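Heads up, the thing below is written out as structure tokens.
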Amino acid sequence: MGWHIPLKYNATLREGEAGISPGPQSVVTEPILDKFKAAVRIVPIMAGAAKQCLGVLMKLKDPTKRDADTQELLYTLHKYFNLKVTDPKYPVIVARLQTVYEQCLKGMMSGYNLYVYSFKATPSAPSGHAYVPGTPKQGSKALGTFFTNNPDMHWPWDQVQKMAYEGSAVGIEKREIHINLDYVQEEETTADILAKTILHEATHKWAGTDDVCYRHNTVSKLLADEDVIKEMVNQGFLERLERTDGKFKVPFAMVSKNNPLQPAKIPAYGLNNFQANSAMWVKNADSYAWAARRFWKNGMNALQKIG
Ligand SMILES: [Zn+2]
């Protein structure tokens, strides 16, 4: 039992496990504590914004008549989940994305811990910003089942969770959220970025999501560089990616970090040449985290106008 600091919004900051403890409670300086306090206030708002925006997207009557606000919501869906309104499974998938956010909100409401640890990055061992220990034995399979084409497999959420943990050495209650204090300390880690990270971990904890693809490894992020774009086009990589008004509309495709000119090897996407299908994206933790942040930042305006 290490130290702990109660935060508001049902969250408690706790000393990380032995071996990765950041040290005595005094390591949590006032600015760090403030950042955590702000972040735990934002996380449920972010998840709630995503839930509400998805509710609007689910009820779109005539998606062909789109105002800028609706387009913004649809764009977020496409960008992070590679999901378009023309997809025959659109309503089902949107409803299920909403379930994941709902489960996170429910989990957070019942109270949760944020274990802080310290692990300095070295070139050979990148530190990681955060993690949830233990993978449910069938977590990904269960979530995949939830999103399957077969309506008979559209189980209630409880059943999905039961399948996820069947035969697992780790129980859901042991899967606590851990955050690297060195990452929190960085200036670039603003309160809303920290909130986004907590939400990423929350989807692991409460919905059994995977790390299929991180945003920082995606084409959309790397496309900022004109030369990279040109070279990728030369190599034919962008053939299947869309362009609108000269801009690339890249959903969240991944390329190798070390060599941006080559698609990365993602086993899950081996068969479809890295054009991920929606069933894969809906398992991706970072998609939920970044989509929620965007819904929170840009979507709430849209909600008010759409009504
Ligand atoms: Zn993750």
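In the structure tokens, chains take the letters A, B, ... in the order shown, each chain's residues start at 1, and ligands count up from 1 in the order shown.
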
Near-A:Phe147 list (8 Å; only C-alpha atoms; drop same-chain fewer than 5 positions) as a list in words: Ile93, Arg96, His154, Ala279 and Val282 of chain A

Shell around stretch 188-203 of chain A at 6 Å using only C-alpha atoms, local window under 5 positions removed, as a PyMOL selection string: chain A and resi 35+38-39+43+104+209+285-286+289

Those residues you just picked out, can you put them in a file as a compact mmCIF listing (two decimals), in the first residue's frame with C-alpha atoms?
# COMPACT_ATOMS: atom_id res chain seq x y z
CA LYS A 35 -2.64 18.77 -14.45
CA ALA A 38 -7.82 19.19 -14.77
CA ALA A 39 -7.47 15.96 -16.76
CA VAL A 43 -12.05 12.78 -19.37
CA CYS A 104 -15.89 3.89 -20.03
CA THR A 209 -9.66 -2.46 -26.92
CA ALA A 285 -7.85 2.33 -28.45
CA ASP A 286 -6.17 5.37 -29.96
CA ALA A 289 -9.12 8.57 -27.64

Gap from atom CA of A:Asp210 to atom CA of A:Asn284 - Å, one decimal: 5.2 Å

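Across the structure, atom CA of A:Asp67 and atom CA of A:Met300 are spaced 14.6 Å apart.
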
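You can rank A:Tyr101, A:Leu114, A:Gln52, A:Glu72 by their closest distance to A:Lys37 using only C-alpha atoms, and at the top of that list sits A:Leu114.
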
Shell around stretch 166-175 of chain A at 9 Å using only C-alpha atoms, local window under 3 positions removed, as a count of residues only: 14

Separation of atom CA of A:Glu102 from atom CA of A:Thr70 in Å: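 One can read the atom CA of A:Thr70 to atom CA of A:Glu102 distance as 21.8 Å.
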
May I have the residues within 10 Å of A:Ala95 as a compact mmCIF listing (two decimals) with C-alpha atoms, in the first residue's frame, using only C-alpha atoms and disregarding those fewer than 3 positions away in the same chain?
# COMPACT_ATOMS: atom_id res chain seq x y z
CA LYS A 51 -21.28 9.62 -26.85
CA LEU A 54 -22.38 9.54 -31.98
CA GLY A 55 -26.01 9.81 -30.91
CA LEU A 57 -24.64 10.63 -36.11
CA MET A 58 -26.83 7.62 -35.47
CA TYR A 90 -22.95 2.35 -40.42
CA PRO A 91 -25.85 2.46 -37.92
CA VAL A 92 -24.76 -0.74 -36.16
CA GLN A 98 -21.16 4.53 -28.50
CA THR A 99 -21.30 1.45 -26.27
CA VAL A 100 -17.54 1.58 -25.75

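Counting only C-alpha atoms and comparing A:Leu74, A:Met108, A:Ile179, A:Ile5, the residue that lies closest to A:Thr29 is A:Ile5.
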
Expected answer as a PyMOL selection string: alpha helix (DSSP H) residues in stretch 11-238 of chain A: chain A and resi 30-58+68-81+90-109+139-146+157-165+181-185+191-207+219-222+226-234

Same residues, C-alpha atoms, saved as a compact mmCIF listing (two decimals), in the first residue's frame:
# COMPACT_ATOMS: atom_id res chain seq x y z
CA GLU A 30 1.68 21.19 -7.39
CA PRO A 31 1.79 21.69 -11.20
CA ILE A 32 1.59 17.92 -11.78
CA LEU A 33 -1.31 17.59 -9.39
CA ASP A 34 -3.08 20.48 -11.11
CA LYS A 35 -2.64 18.77 -14.45
CA PHE A 36 -4.15 15.54 -13.11
CA LYS A 37 -7.02 17.43 -11.51
CA ALA A 38 -7.82 19.19 -14.77
CA ALA A 39 -7.47 15.96 -16.76
CA VAL A 40 -9.83 13.87 -14.60
CA ARG A 41 -12.42 16.62 -14.94
CA ILE A 42 -12.06 16.57 -18.73
CA VAL A 43 -12.05 12.78 -19.37
CA PRO A 44 -15.73 12.13 -18.65
CA ILE A 45 -16.67 15.29 -20.55
CA MET A 46 -14.66 14.07 -23.54
CA ALA A 47 -16.23 10.61 -23.42
CA GLY A 48 -19.65 12.20 -22.94
CA ALA A 49 -19.13 14.49 -25.94
CA ALA A 50 -18.22 11.48 -28.06
CA LYS A 51 -21.28 9.62 -26.85
CA GLN A 52 -23.55 12.56 -27.68
CA CYS A 53 -22.00 13.21 -31.09
CA LEU A 54 -22.38 9.54 -31.98
CA GLY A 55 -26.01 9.81 -30.91
CA VAL A 56 -26.50 12.59 -33.45
CA LEU A 57 -24.64 10.63 -36.11
CA MET A 58 -26.83 7.62 -35.47
CA ALA A 68 -20.59 22.02 -42.19
CA ASP A 69 -21.30 20.90 -38.64
CA THR A 70 -22.61 17.50 -39.62
CA GLN A 71 -19.67 17.17 -41.97
CA GLU A 72 -17.32 17.80 -39.10
CA LEU A 73 -18.87 14.94 -37.13
CA LEU A 74 -18.79 12.63 -40.13
CA TYR A 75 -15.21 13.59 -40.85
CA THR A 76 -14.15 12.62 -37.33
CA LEU A 77 -15.82 9.26 -37.76
CA HIS A 78 -14.09 8.71 -41.07
CA LYS A 79 -10.73 9.94 -39.93
CA TYR A 80 -10.42 7.83 -36.81
CA PHE A 81 -12.64 4.83 -37.52
CA TYR A 90 -22.95 2.35 -40.42
CA PRO A 91 -25.85 2.46 -37.92
CA VAL A 92 -24.76 -0.74 -36.16
CA ILE A 93 -21.14 0.32 -35.91
CA VAL A 94 -21.95 3.83 -34.68
CA ALA A 95 -24.18 2.33 -31.98
CA ARG A 96 -21.38 0.04 -30.90
CA LEU A 97 -18.76 2.77 -30.79
CA GLN A 98 -21.16 4.53 -28.50
CA THR A 99 -21.30 1.45 -26.27
CA VAL A 100 -17.54 1.58 -25.75
CA TYR A 101 -17.72 5.20 -24.56
CA GLU A 102 -20.71 4.34 -22.38
CA GLN A 103 -18.78 1.53 -20.72
CA CYS A 104 -15.89 3.89 -20.03
CA LEU A 105 -18.22 6.47 -18.53
CA LYS A 106 -19.89 3.83 -16.39
CA GLY A 107 -16.52 2.53 -15.23
CA MET A 108 -15.24 5.98 -14.36
CA MET A 109 -18.40 6.80 -12.47
CA GLY A 139 -10.38 -9.48 -25.17
CA SER A 140 -9.83 -8.62 -28.77
CA LYS A 141 -11.76 -11.63 -29.95
CA ALA A 142 -14.68 -10.68 -27.74
CA LEU A 143 -14.75 -7.10 -28.97
CA GLY A 144 -14.41 -8.39 -32.52
CA THR A 145 -17.33 -10.69 -31.91
CA PHE A 146 -19.34 -7.76 -30.72
CA TRP A 157 -22.15 -6.23 -23.36
CA ASP A 158 -22.00 -8.40 -20.21
CA GLN A 159 -21.63 -11.47 -22.34
CA VAL A 160 -18.87 -9.82 -24.37
CA GLN A 161 -16.97 -9.04 -21.16
CA LYS A 162 -17.43 -12.57 -19.87
CA MET A 163 -15.97 -13.99 -23.05
CA ALA A 164 -13.07 -11.51 -22.94
CA TYR A 165 -11.90 -12.65 -19.51
CA LEU A 181 4.89 10.62 -14.42
CA ASP A 182 7.76 11.61 -16.71
CA TYR A 183 5.25 11.89 -19.53
CA VAL A 184 2.85 13.94 -17.41
CA GLN A 185 5.67 16.27 -16.52
CA ALA A 191 -4.33 18.60 -19.41
CA ASP A 192 -6.45 17.69 -22.44
CA ILE A 193 -3.69 15.51 -23.90
CA LEU A 194 -3.43 13.77 -20.53
CA ALA A 195 -7.21 13.36 -20.53
CA LYS A 196 -6.97 11.82 -23.99
CA THR A 197 -4.32 9.37 -22.70
CA ILE A 198 -6.48 8.41 -19.71
CA LEU A 199 -9.41 7.79 -22.05
CA HIS A 200 -7.20 5.62 -24.28
CA GLU A 201 -6.36 3.49 -21.23
CA ALA A 202 -9.99 3.54 -20.10
CA THR A 203 -11.03 1.84 -23.35
CA HIS A 204 -8.46 -0.89 -22.65
CA LYS A 205 -9.69 -1.31 -19.10
CA TRP A 206 -13.42 -1.23 -19.60
CA ALA A 207 -13.91 -2.24 -23.22
CA VAL A 219 -0.14 8.54 -42.55
CA SER A 220 -2.37 11.44 -41.69
CA LYS A 221 0.17 12.60 -39.15
CA LEU A 222 3.15 12.01 -41.42
CA GLU A 226 5.24 17.43 -48.75
CA ASP A 227 8.22 15.34 -49.77
CA VAL A 228 6.88 12.32 -47.98
CA ILE A 229 3.57 12.77 -49.77
CA LYS A 230 5.27 13.00 -53.16
CA GLU A 231 7.42 10.01 -52.52
CA MET A 232 4.51 7.94 -51.31
CA VAL A 233 2.52 8.85 -54.39
CA ASN A 234 5.52 7.86 -56.51

A:Asn180 surroundings by only C-alpha atoms, 6 Å radius, close-in-sequence under 4 positions cut, as number ranges by chain: A: 116-118, 129-130

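The residue that comes closest to ligand 1, out of A:Pro88, A:Gly111, A:Gly128, A:Pro24 and on the basis of only C-alpha atoms and all ligand atoms, is A:Gly128.
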